[in-house]
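Novice: Quick one, upload25.cif (mmCIF, C-alpha atoms and all ligand atoms):
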data_data
loop_
_atom_site.label_atom_id
_atom_site.label_comp_id
_atom_site.auth_asym_id
_atom_site.auth_seq_id
_atom_site.Cartn_x
_atom_site.Cartn_y
_atom_site.Cartn_z
CA MET A 1 91.74 -53.69 318.87
CA LYS A 2 92.65 -57.26 319.56
CA PRO A 3 93.27 -58.47 323.09
CA TRP A 4 96.72 -59.59 324.01
CA THR A 5 97.72 -63.16 323.72
CA ARG A 6 98.90 -65.20 326.69
CA ARG A 7 102.27 -65.41 324.96
CA GLN A 8 102.66 -61.64 324.94
CA ILE A 9 101.79 -61.46 328.62
CA LEU A 10 104.19 -64.30 329.41
CA LYS A 11 106.85 -62.55 327.40
CA TRP A 12 106.51 -59.53 329.61
CA GLY A 13 106.93 -61.66 332.69
CA LEU A 14 103.60 -60.65 334.19
CA ILE A 15 102.16 -64.11 334.73
CA GLY A 16 105.51 -65.07 336.18
CA ALA A 17 104.74 -62.67 339.02
CA GLY A 18 101.99 -65.04 340.15
CA VAL A 19 99.04 -63.21 338.71
CA THR A 20 96.33 -64.21 336.29
CA SER A 21 95.08 -62.13 333.44
CA ALA A 22 91.97 -61.39 331.49
CA ALA A 23 92.09 -59.44 328.28
CA ILE A 24 89.49 -56.79 327.66
CA ALA A 25 89.20 -55.01 324.33
CA GLY A 26 91.98 -52.48 324.04
CA GLN A 27 93.70 -53.19 327.31
CA THR A 28 94.97 -55.97 329.48
CA TRP A 29 93.94 -56.31 333.11
CA ILE A 30 96.26 -58.18 335.37
CA ARG A 31 94.18 -59.32 338.34
CA GLN A 32 95.59 -59.85 341.75
CA SER A 33 93.85 -60.13 345.05
CA THR A 34 94.50 -56.55 346.01
CA SER A 35 95.15 -54.61 342.82
CA ARG A 36 94.99 -54.47 339.07
CA VAL A 37 97.55 -53.37 336.55
CA ARG A 38 96.27 -51.75 333.41
CA ILE A 39 98.59 -51.65 330.40
CA PRO A 40 97.44 -50.01 327.18
CA GLU A 41 97.70 -52.05 324.04
CA LEU A 42 100.53 -50.79 321.90
CA PRO A 43 100.09 -49.99 318.23
CA GLU A 44 101.12 -52.75 315.85
CA THR A 45 104.82 -52.35 315.19
CA PRO A 46 106.92 -53.92 312.49
CA THR A 47 108.96 -56.90 313.66
CA ASP A 48 111.98 -54.64 313.70
CA HIS A 49 114.24 -55.33 316.65
CA PHE A 50 115.18 -51.69 316.79
CA ASN A 51 111.65 -50.50 317.30
CA PRO A 52 111.78 -48.74 320.70
CA MET A 53 108.11 -49.47 321.36
CA SER A 54 108.83 -53.20 321.39
CA VAL A 55 111.91 -52.67 323.61
CA LEU A 56 109.80 -50.77 326.17
CA ARG A 57 108.18 -53.70 328.01
CA ASP A 58 110.28 -56.58 326.68
CA PHE A 59 111.84 -58.64 329.50
CA GLU A 60 113.89 -61.77 328.75
CA SER A 61 113.65 -64.40 331.47
CA GLY A 62 115.79 -66.96 329.64
CA THR A 63 115.24 -70.69 329.29
CA ILE A 64 114.58 -72.09 332.75
CA LYS A 65 116.35 -75.31 333.71
CA GLN A 66 116.50 -77.17 337.00
CA GLU A 67 119.93 -78.52 337.90
CA ASN A 68 120.80 -79.91 341.35
CA GLY A 69 117.77 -78.26 342.90
CA ARG A 70 118.65 -74.83 341.55
CA THR A 71 116.95 -72.71 338.96
CA ILE A 72 119.22 -71.94 336.02
CA ARG A 73 118.28 -69.20 333.60
CA GLU A 74 120.04 -69.72 330.32
CA PHE A 75 120.40 -66.86 327.86
CA GLU A 76 121.88 -66.85 324.35
CA ILE A 77 123.53 -63.62 323.30
CA VAL A 78 125.19 -62.95 319.97
CA ALA A 79 127.32 -59.88 319.27
CA LYS A 80 126.52 -58.54 315.82
CA ASN A 81 126.79 -55.48 313.64
CA SER A 82 123.68 -53.92 312.18
CA THR A 83 122.68 -50.63 310.65
CA LEU A 84 120.38 -48.34 312.63
CA GLN A 85 118.43 -45.64 310.84
CA LEU A 86 118.79 -42.97 313.53
CA ASN A 87 116.79 -40.40 311.57
CA SER A 88 115.97 -39.63 307.95
CA ALA A 89 119.56 -38.51 307.29
CA VAL A 90 121.75 -40.68 309.49
CA SER A 91 122.46 -44.39 309.16
CA PHE A 92 124.73 -45.76 311.87
CA VAL A 93 126.53 -49.10 311.94
CA SER A 94 125.87 -50.30 315.49
CA TRP A 95 127.74 -53.01 317.33
CA ASN A 96 125.14 -54.73 319.44
CA PHE A 97 123.83 -57.75 321.33
CA ASN A 98 121.10 -59.80 319.59
CA ASP A 99 120.55 -57.29 316.80
CA ARG A 100 119.14 -54.54 318.99
CA VAL A 101 120.18 -51.39 320.90
CA PRO A 102 119.89 -51.60 323.84
CA GLY A 103 120.54 -55.34 324.07
CA PRO A 104 117.87 -57.60 325.58
CA THR A 105 116.74 -56.79 329.12
CA LEU A 106 117.80 -59.88 331.05
CA ARG A 107 115.73 -60.60 334.15
CA ALA A 108 116.14 -63.05 337.02
CA THR A 109 115.26 -63.41 340.69
CA GLU A 110 117.93 -62.99 343.35
CA GLY A 111 119.69 -66.33 343.90
CA ASP A 112 118.93 -67.79 340.47
CA ARG A 113 121.93 -69.07 338.59
CA ILE A 114 122.53 -67.20 335.33
CA ARG A 115 124.14 -68.90 332.35
CA VAL A 116 124.90 -66.68 329.37
CA ILE A 117 126.09 -68.39 326.21
CA PHE A 118 127.89 -65.60 324.38
CA ARG A 119 128.83 -65.88 320.71
CA ASN A 120 130.79 -63.17 318.98
CA GLN A 121 129.86 -62.57 315.35
CA GLY A 122 130.71 -58.88 315.51
CA GLY A 123 133.93 -58.72 313.52
CA HIS A 124 135.95 -57.30 316.45
CA SER A 125 136.79 -58.82 319.84
CA HIS A 126 134.02 -58.24 322.37
CA SER A 127 132.92 -59.43 325.82
CA MET A 128 130.03 -59.25 328.28
CA HIS A 129 130.85 -57.62 331.60
CA PHE A 130 127.98 -57.74 334.11
CA HIS A 131 127.46 -55.44 337.05
CA GLY A 132 126.49 -57.18 340.29
CA THR A 133 128.46 -59.67 342.37
CA HIS A 134 130.38 -62.57 340.77
CA PRO A 135 133.79 -64.31 340.72
CA SER A 136 136.67 -62.70 338.81
CA GLU A 137 136.68 -65.33 336.07
CA MET A 138 133.09 -64.33 335.26
CA ASP A 139 133.86 -60.62 335.11
CA GLY A 140 133.83 -60.47 331.32
CA VAL A 141 136.93 -58.38 330.68
CA LYS A 142 138.76 -60.96 328.54
CA PRO A 143 138.34 -60.47 324.80
CA ILE A 144 136.31 -63.07 322.93
CA ARG A 145 137.49 -63.00 319.35
CA HIS A 146 135.23 -62.92 316.33
CA GLY A 147 133.80 -66.38 315.66
CA LYS A 148 134.44 -67.61 319.23
CA GLU A 149 132.07 -68.23 322.12
CA THR A 150 132.21 -68.39 325.90
CA ILE A 151 129.87 -69.03 328.81
CA TYR A 152 129.38 -66.65 331.72
CA GLU A 153 127.78 -68.33 334.72
CA PHE A 154 127.13 -66.83 338.16
CA GLU A 155 124.50 -66.25 340.80
CA ALA A 156 122.14 -63.33 340.19
CA LYS A 157 122.82 -60.97 343.09
CA PRO A 158 122.25 -58.62 344.66
CA SER A 159 118.70 -57.59 343.78
CA GLY A 160 118.50 -54.35 341.88
CA VAL A 161 118.76 -52.77 338.47
CA HIS A 162 122.07 -53.66 336.91
CA LEU A 163 123.56 -53.70 333.43
CA TYR A 164 125.94 -55.48 331.16
CA HIS A 165 128.23 -54.13 328.48
CA CYS A 166 131.23 -54.99 326.37
CA HIS A 167 134.48 -54.26 328.23
CA ILE A 168 137.00 -54.26 325.40
CA ALA A 169 139.14 -51.14 324.90
CA PRO A 170 138.36 -48.52 323.92
CA VAL A 171 135.30 -49.15 326.08
CA THR A 172 133.86 -45.75 325.18
CA ARG A 173 133.76 -46.86 321.55
CA HIS A 174 132.36 -50.35 322.20
CA ILE A 175 129.61 -48.98 324.46
CA SER A 176 128.66 -46.00 322.32
CA LYS A 177 128.39 -48.28 319.29
CA GLY A 178 125.57 -50.06 321.17
CA LEU A 179 127.02 -52.95 323.20
CA TYR A 180 125.00 -52.59 326.42
CA GLY A 181 121.78 -53.71 328.04
CA MET A 182 119.87 -53.84 331.31
CA PHE A 183 120.09 -56.71 333.82
CA ILE A 184 117.28 -56.74 336.39
CA VAL A 185 117.56 -58.90 339.51
CA ASP A 186 114.18 -59.02 341.24
CA PRO A 187 114.14 -59.31 345.01
CA ARG A 188 112.67 -62.50 346.46
CA GLN A 189 109.99 -60.33 348.05
CA LYS A 190 108.04 -59.18 344.99
CA ARG A 191 107.47 -55.55 344.31
CA PRO A 192 103.79 -54.49 344.06
CA PRO A 193 102.11 -54.88 340.65
CA ALA A 194 102.80 -52.01 338.25
CA ASP A 195 103.05 -51.16 334.57
CA GLU A 196 106.78 -51.85 334.21
CA ILE A 197 108.75 -50.10 331.48
CA ILE A 198 112.41 -49.75 330.50
CA LEU A 199 114.24 -46.65 329.33
CA VAL A 200 117.93 -46.85 328.46
CA MET A 201 119.60 -43.57 327.54
CA GLY A 202 122.35 -43.79 324.93
CA GLY A 203 124.52 -41.45 322.89
CA TYR A 204 125.85 -41.73 319.33
CA ASP A 205 129.22 -40.37 318.23
CA ILE A 206 128.52 -40.21 314.52
CA ASN A 207 131.82 -38.66 313.34
CA ASN A 208 134.29 -40.30 315.80
CA ASP A 209 135.21 -37.05 317.54
CA ASN A 210 134.62 -38.46 321.05
CA GLN A 211 131.47 -36.37 321.43
CA ASN A 212 127.87 -37.39 320.91
CA GLU A 213 125.97 -35.85 318.04
CA LEU A 214 122.73 -37.74 318.74
CA TYR A 215 121.08 -39.24 321.81
CA ALA A 216 118.18 -41.63 322.30
CA PHE A 217 115.89 -43.43 324.68
CA ASN A 218 115.88 -47.15 323.74
CA GLY A 219 117.94 -46.81 320.58
CA ILE A 220 116.24 -44.38 318.20
CA PRO A 221 116.42 -40.57 318.64
CA ASP A 222 113.10 -38.84 319.30
CA TYR A 223 111.10 -42.05 318.80
CA TYR A 224 108.85 -41.51 321.83
CA LEU A 225 108.45 -37.86 320.90
CA ASP A 226 106.85 -38.96 317.64
CA HIS A 227 105.19 -42.05 319.22
CA PRO A 228 104.18 -41.17 322.81
CA ILE A 229 104.23 -44.00 325.35
CA PRO A 230 100.64 -44.83 326.34
CA ILE A 231 100.05 -45.29 330.06
CA TYR A 232 96.81 -45.20 332.08
CA GLN A 233 95.71 -42.43 334.40
CA ASN A 234 96.23 -43.30 338.08
CA GLN A 235 98.17 -46.46 337.18
CA LEU A 236 101.44 -47.04 339.01
CA VAL A 237 104.29 -46.99 336.49
CA ARG A 238 107.57 -48.60 337.49
CA LEU A 239 110.34 -47.22 335.29
CA TYR A 240 113.67 -49.03 335.11
CA LEU A 241 116.04 -46.26 333.99
CA LEU A 242 119.68 -46.65 332.91
CA ASN A 243 122.13 -44.03 331.66
CA MET A 244 124.57 -45.50 329.09
CA ILE A 245 125.64 -42.20 327.55
CA GLU A 246 129.41 -42.14 327.02
CA PHE A 247 131.51 -38.95 326.55
CA ASP A 248 129.12 -36.79 328.66
CA ALA A 249 130.02 -36.90 332.37
CA ALA A 250 126.42 -37.23 333.51
CA ALA A 251 122.85 -37.01 332.34
CA THR A 252 119.75 -35.94 334.22
CA PHE A 253 116.21 -37.29 333.83
CA HIS A 254 113.09 -35.25 334.36
CA ILE A 255 109.36 -35.85 333.94
CA HIS A 256 106.85 -33.07 333.43
CA ALA A 257 103.92 -32.19 335.69
CA ASN A 258 104.70 -34.88 338.23
CA LEU A 259 107.21 -36.19 340.74
CA PHE A 260 108.64 -39.69 341.07
CA GLN A 261 109.79 -41.93 343.90
CA VAL A 262 113.44 -43.02 343.61
CA TYR A 263 114.72 -46.49 344.52
CA PRO A 264 118.50 -45.98 344.03
CA THR A 265 120.05 -48.74 341.89
CA GLY A 266 116.77 -50.60 342.54
CA ARG A 267 118.35 -51.80 345.80
CA THR A 268 115.52 -50.87 348.16
CA LEU A 269 111.88 -51.90 348.54
CA THR A 270 110.96 -48.46 349.80
CA PRO A 271 111.86 -45.20 348.08
CA THR A 272 114.52 -42.92 349.49
CA LEU A 273 113.67 -39.72 347.63
CA GLU A 274 110.83 -37.93 345.89
CA THR A 275 111.81 -35.47 343.17
CA ASP A 276 111.25 -34.62 339.51
CA VAL A 277 114.85 -34.57 338.27
CA ILE A 278 117.68 -36.97 339.02
CA THR A 279 121.33 -36.97 337.95
CA MET A 280 123.12 -40.11 336.78
CA GLY A 281 126.72 -40.71 335.72
CA THR A 282 127.40 -43.28 333.01
CA ALA A 283 126.12 -46.74 334.10
CA GLU A 284 124.04 -45.33 336.96
CA ARG A 285 120.49 -46.61 337.10
CA HIS A 286 117.43 -46.44 339.30
CA ILE A 287 113.84 -47.52 339.66
CA LEU A 288 111.47 -44.57 339.45
CA GLU A 289 107.77 -44.91 340.33
CA PHE A 290 104.97 -42.51 339.53
CA SER A 291 101.39 -42.27 338.36
CA TYR A 292 99.68 -39.45 336.49
CA SER A 293 96.48 -37.97 337.93
CA TYR A 294 95.45 -36.05 334.84
CA PRO A 295 95.06 -37.29 331.25
CA GLY A 296 97.10 -35.68 328.51
CA GLU A 297 100.59 -35.67 327.05
CA TYR A 298 103.68 -35.03 329.16
CA MET A 299 107.33 -34.72 328.16
CA PHE A 300 110.22 -36.63 329.74
CA HIS A 301 113.85 -35.76 328.99
CA PRO A 302 117.25 -34.93 330.47
CA HIS A 303 117.23 -31.40 331.80
CA GLN A 304 120.46 -30.73 329.93
CA ASP A 305 118.62 -29.32 326.96
CA ALA A 306 121.46 -29.96 324.49
CA ILE A 307 121.01 -33.69 325.14
CA ALA A 308 117.22 -33.48 324.97
CA GLU A 309 117.23 -31.43 321.78
CA ASN A 310 119.49 -33.93 320.04
CA GLY A 311 117.20 -36.92 320.44
CA CYS A 312 116.78 -37.79 324.12
CA MET A 313 113.18 -36.63 324.29
CA GLY A 314 109.93 -38.49 324.76
CA MET A 315 106.30 -38.18 325.75
CA PHE A 316 103.90 -40.09 327.95
CA LYS A 317 100.32 -40.17 326.72
CA VAL A 318 98.11 -40.56 329.79
CA ILE A 319 94.85 -42.23 328.84
CA PRO A 320 91.79 -41.44 330.96
CA LEU A 321 90.06 -44.29 332.73
CU CU B 401 133.16 -54.76 322.30
#
Transcribe the structure of this file into structure tokens.
Ligand SMILES: [Cu+2]
Specialist:
Amino acid sequence: MKPWTRRQILKWGLIGAGVTSAAIAGQTWIRQSTSRVRIPELPETPTDHFNPMSVLRDFESGTIKQENGRTIREFEIVAKNSTLQLNSAVSFVSWNFNDRVPGPTLRATEGDRIRVIFRNQGGHSHSMHFHGTHPSEMDGVKPIRHGKETIYEFEAKPSGVHLYHCHIAPVTRHISKGLYGMFIVDPRQKRPPADEIILVMGGYDINNDNQNELYAFNGIPDYYLDHPIPIYQNQLVRLYLLNMIEFDAAATFHIHANLFQVYPTGRTLTPTLETDVITMGTAERHILEFSYSYPGEYMFHPHQDAIAENGCMGMFKVIPL
């Protein structure tokens, strides 16, 4: 197995956390004075934007600019239509941001200025509505017509796990077609090093009956059931979890053979709850932290089994040290 390149590590924002790295065959060690983060090398994946394995640890920090003593993070987002092969039988025309479902995970530090250059090439009017705090003119509820562009600019606050989505009616349709993504605002006081991963839960209404026929973590039903997520034994995993399932009032999330610490909406630096199942309405999100003591394969899924059995199912593969 080849060691990771510096570019890959940079892409995942790990060096940005003020750490240095050394690649060892088959794994990457992130060294810090007090701890190490071990992240298994992922199997080679095709350069397919919809590959959930490449979505898993992909954080977009934008192009950094300095203007008037402030850090600006500039992002370019394009609304598009593309076909997702949800399983061997179902092709689905998604509406999406930057050719992927979920859209890119945008990441900034609290107080940074965010500039999003949004171009609509999606054929319908769309917008980008961010959660977090911002002025009304940046709220992203005005339609941007096909072929037009706009700029959303605001301060990234407060710290936490947030999201963005299209806010054009019917919003249920625009979201369930794929127009959503995660927006992480890191606190100024860094969280401890961890293997950081993203899971966004989504639903697909294939036949336009305002019910979901399929569900997925990170875009493709059952992907992590067929391709378990490798993590290391006794390694702290920090999971950024977002529920974007429309039409169902709520979804739960459960991991097997373990419990997790909950940081609600990612707003705290200390957990407020330890459990193994948590309930989230649409757009609710949390940071969950856990580590596995024993090697092996463990399921994760909503505990509403109808959702799990229709695609929202995955596995962690815990690799022994
Ligand atoms: Cu839209």
Novice: Do a neighbour search on range 301-308 of chain A at 12 Å with only C-alpha atoms, toss out local chain neighbours closer than 4 positions, and write the hits as a PyMOL selection string.
Specialist: chain A and resi 199-204+211-217+221-222+224-225+241+243+245+247-256+276-280+312-316
Novice: Which is closest to Glu149 in chain A among A:Val78, A:Leu106, A:Ile168, A:Met53, if we use all atoms listed in the file?
Specialist: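 Selected residue with least distance to Glu149 in chain A: A:Val78.
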Novice: Return as a list in words every polymer residue, whether protein, DNA or RNA, with at least one atom no more than 7 Å from an atom of ligand CU 401 (chain B); count all atoms listed in the file.
Specialist: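 So the residues close to ligand CU 401 (chain B) are His124, Ser125, His126, Ser127, Cys166, His167, Ile168, His174 and Leu179 of chain A.
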Novice: I'd like the neighbourhood of Asp112 in chain A as a PyMOL selection string, where a residue qualifies if any of its atoms comes within 12 Å (using all atoms listed in the file), though same-chain residues fewer than 2 positions away should be ignored.
Specialist: chain A and resi 61-62+64-67+69-74+107-110+114-115+153-159+184-188
Novice: For the atom pair CA of Tyr180 in chain A and CA of Pro104 in chain A, what is the interatomic distance in Å to one decimal place?
Specialist: 8.8 Å
Novice: Figure out the distance between CA of Tyr292 in chain A and CA of Gln261 in chain A, please, to one decimal in Å.
Specialist: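 Computing it gives 12.8 Å between the two atoms.
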Novice: Would you pick out the contacts of Leu242 in chain A at 9 Å or less, using all atoms listed in the file, so that residues sharing its chain but fewer than 5 positions from it are not included, and give the list as a PDB file with C-alpha atoms, in the coordinates of the input?
Specialist:
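Generated output (result_29.pdb):
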ATOM      1  CA  VAL A 161     118.760 -52.770 338.470  1.00  0.00           C
ATOM      2  CA  HIS A 162     122.070 -53.660 336.910  1.00  0.00           C
ATOM      3  CA  LEU A 163     123.560 -53.700 333.430  1.00  0.00           C
ATOM      4  CA  GLY A 181     121.780 -53.710 328.040  1.00  0.00           C
ATOM      5  CA  MET A 182     119.870 -53.840 331.310  1.00  0.00           C
ATOM      6  CA  ILE A 198     112.410 -49.750 330.500  1.00  0.00           C
ATOM      7  CA  LEU A 199     114.240 -46.650 329.330  1.00  0.00           C
ATOM      8  CA  VAL A 200     117.930 -46.850 328.460  1.00  0.00           C
ATOM      9  CA  MET A 201     119.600 -43.570 327.540  1.00  0.00           C
ATOM     10  CA  GLY A 202     122.350 -43.790 324.930  1.00  0.00           C
ATOM     11  CA  MET A 280     123.120 -40.110 336.780  1.00  0.00           C
ATOM     12  CA  THR A 282     127.400 -43.280 333.010  1.00  0.00           C
ATOM     13  CA  ALA A 283     126.120 -46.740 334.100  1.00  0.00           C
ATOM     14  CA  GLU A 284     124.040 -45.330 336.960  1.00  0.00           C
ATOM     15  CA  ARG A 285     120.490 -46.610 337.100  1.00  0.00           C
ATOM     16  CA  HIS A 286     117.430 -46.440 339.300  1.00  0.00           C
ATOM     17  CA  ILE A 287     113.840 -47.520 339.660  1.00  0.00           C
TER      18      ILE A 287
END
Novice: One number please: CA of Thr270 in chain A to CA of Glu289 in chain A, in Å, one decimal.
Specialist: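 CA of Glu289 in chain A lies at a distance of 10.6 Å from CA of Thr270 in chain A.
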Novice: Compare A:Ser291, A:Gln85, A:Asn98, A:Thr172 by their minimum atom-to-atom distance to Glu60 in chain A, counting all atoms listed in the file, and give me the closest one.
Specialist: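 The answer is A:Asn98, which sits nearest to Glu60 in chain A.
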Novice: Determine the nearest neighbour of Asn310 in chain A from the options A:Asn87, A:Ser54, A:Thr63, A:Asn96, counting all atoms listed in the file.
Specialist: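 Among A:Asn87, A:Ser54, A:Thr63, A:Asn96, it is A:Asn87 that comes nearest to Asn310 in chain A.
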Novice: Here is a test: counting only C-alpha atoms, which residue of A:Thr105, A:Gln233, A:Ser82, A:Ser136 is nearest to Tyr294 in chain A?
Specialist: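 Closest to Tyr294 in chain A of all the choices is A:Gln233.
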Novice: Restricting the calculation to all atoms listed in the file: of A:Pro228, A:Gly103, A:Gly122, A:Pro135, which residue gets closest to Tyr164 in chain A?
Specialist: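 That would be A:Gly103, the residue with the smallest distance to Tyr164 in chain A.
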Novice: Give, as lines of an AutoDock Vina configuration file, the centre coordinates and the x, y and z edge lengths in Å to one decimal for an axis-aligned box around all listed atoms of range 164-179 of chain A, padded by 5 Å on each side.
Specialist:
center_x = 132.4
center_y = -50.6
center_z = 325.2
size_x = 23.6
size_y = 19.7
size_z = 21.9
Novice: Measuring atom to atom with all atoms listed in the file, identify which of A:Phe300, A:Phe183, A:Trp95, A:Phe59 is nearest to Gly266 in chain A.
Specialist: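 Looking only at the distances to Gly266 in chain A, the closest residue turns out to be A:Phe183.
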Novice: Could you list as a PyMOL selection string every residue that has an atom within 8 Å of (93.7, -44.3, 333.3), using the file's coordinates and counting all atoms listed in the file?
Specialist: chain A and resi 38+231-235+295+318-321
Novice: List as a count of residues only the protein and nucleic acid residues near Phe50 in chain A, meaning an atom at most 7 Å away when all atoms listed in the file are counted, but skip any in the same chain fewer than 4 places from it.
Specialist: 3
Novice: Output range 203-227 of chain A with N, CA and C atoms present, as a JSON list (two decimals), in the frame of the given file.
Specialist:
[["chain", "number", "residue", "atom", "x", "y", "z"],
["A", 203, "GLY", "N", 124.03, -42.52, 323.74],
["A", 203, "GLY", "CA", 124.52, -41.45, 322.89],
["A", 203, "GLY", "C", 125.22, -42.03, 321.67],
["A", 204, "TYR", "N", 125.20, -41.28, 320.58],
["A", 204, "TYR", "CA", 125.85, -41.73, 319.33],
["A", 204, "TYR", "C", 126.89, -40.71, 318.89],
["A", 205, "ASP", "N", 128.14, -41.19, 318.77],
["A", 205, "ASP", "CA", 129.22, -40.37, 318.23],
["A", 205, "ASP", "C", 129.32, -40.70, 316.74],
["A", 206, "ILE", "N", 128.66, -39.90, 315.94],
["A", 206, "ILE", "CA", 128.52, -40.21, 314.52],
["A", 206, "ILE", "C", 129.83, -40.03, 313.76],
["A", 207, "ASN", "N", 130.63, -39.01, 314.14],
["A", 207, "ASN", "CA", 131.82, -38.66, 313.34],
["A", 207, "ASN", "C", 133.13, -38.97, 314.06],
["A", 208, "ASN", "N", 133.08, -39.84, 315.09],
["A", 208, "ASN", "CA", 134.29, -40.30, 315.80],
["A", 208, "ASN", "C", 135.13, -39.16, 316.37],
["A", 209, "ASP", "N", 134.45, -38.15, 316.93],
["A", 209, "ASP", "CA", 135.21, -37.05, 317.54],
["A", 209, "ASP", "C", 135.14, -37.11, 319.07],
["A", 210, "ASN", "N", 134.75, -38.27, 319.60],
["A", 210, "ASN", "CA", 134.62, -38.46, 321.05],
["A", 210, "ASN", "C", 133.62, -37.50, 321.68],
["A", 211, "GLN", "N", 132.61, -37.12, 320.91],
["A", 211, "GLN", "CA", 131.47, -36.37, 321.43],
["A", 211, "GLN", "C", 130.22, -36.97, 320.79],
["A", 212, "ASN", "N", 129.11, -36.87, 321.47],
["A", 212, "ASN", "CA", 127.87, -37.39, 320.91],
["A", 212, "ASN", "C", 127.18, -36.33, 320.06],
["A", 213, "GLU", "N", 126.76, -36.75, 318.88],
["A", 213, "GLU", "CA", 125.97, -35.85, 318.04],
["A", 213, "GLU", "C", 124.47, -36.13, 318.22],
["A", 214, "LEU", "N", 124.14, -37.36, 318.55],
["A", 214, "LEU", "CA", 122.73, -37.74, 318.74],
["A", 214, "LEU", "C", 122.59, -38.55, 320.03],
["A", 215, "TYR", "N", 121.40, -38.50, 320.58],
["A", 215, "TYR", "CA", 121.08, -39.24, 321.81],
["A", 215, "TYR", "C", 119.73, -39.94, 321.60],
["A", 216, "ALA", "N", 119.45, -40.92, 322.46],
["A", 216, "ALA", "CA", 118.18, -41.63, 322.30],
["A", 216, "ALA", "C", 117.75, -42.29, 323.60],
["A", 217, "PHE", "N", 116.44, -42.46, 323.75],
["A", 217, "PHE", "CA", 115.89, -43.43, 324.68],
["A", 217, "PHE", "C", 115.63, -44.71, 323.89],
["A", 218, "ASN", "N", 116.12, -45.84, 324.36],
["A", 218, "ASN", "CA", 115.88, -47.15, 323.74],
["A", 218, "ASN", "C", 116.23, -47.18, 322.26],
["A", 219, "GLY", "N", 117.32, -46.54, 321.88],
["A", 219, "GLY", "CA", 117.94, -46.81, 320.58],
["A", 219, "GLY", "C", 117.73, -45.80, 319.48],
["A", 220, "ILE", "N", 116.52, -45.25, 319.35],
["A", 220, "ILE", "CA", 116.24, -44.38, 318.20],
["A", 220, "ILE", "C", 115.90, -42.97, 318.68],
["A", 221, "PRO", "N", 116.67, -41.96, 318.21],
["A", 221, "PRO", "CA", 116.42, -40.57, 318.64],
["A", 221, "PRO", "C", 114.98, -40.14, 318.40],
["A", 222, "ASP", "N", 114.42, -39.48, 319.39],
["A", 222, "ASP", "CA", 113.10, -38.84, 319.30],
["A", 222, "ASP", "C", 111.94, -39.80, 319.02],
["A", 223, "TYR", "N", 112.17, -41.11, 319.17],
["A", 223, "TYR", "CA", 111.10, -42.05, 318.80],
["A", 223, "TYR", "C", 109.84, -41.81, 319.64],
["A", 224, "TYR", "N", 110.03, -41.67, 320.96],
["A", 224, "TYR", "CA", 108.85, -41.51, 321.83],
["A", 224, "TYR", "C", 108.30, -40.09, 321.81],
["A", 225, "LEU", "N", 109.02, -39.18, 321.15],
["A", 225, "LEU", "CA", 108.45, -37.86, 320.90],
["A", 225, "LEU", "C", 107.41, -37.99, 319.78],
["A", 226, "ASP", "N", 107.76, -38.75, 318.77],
["A", 226, "ASP", "CA", 106.85, -38.96, 317.64],
["A", 226, "ASP", "C", 105.80, -40.03, 317.94],
["A", 227, "HIS", "N", 106.11, -40.96, 318.86],
["A", 227, "HIS", "CA", 105.19, -42.05, 319.22],
["A", 227, "HIS", "C", 105.10, -42.08, 320.75]]
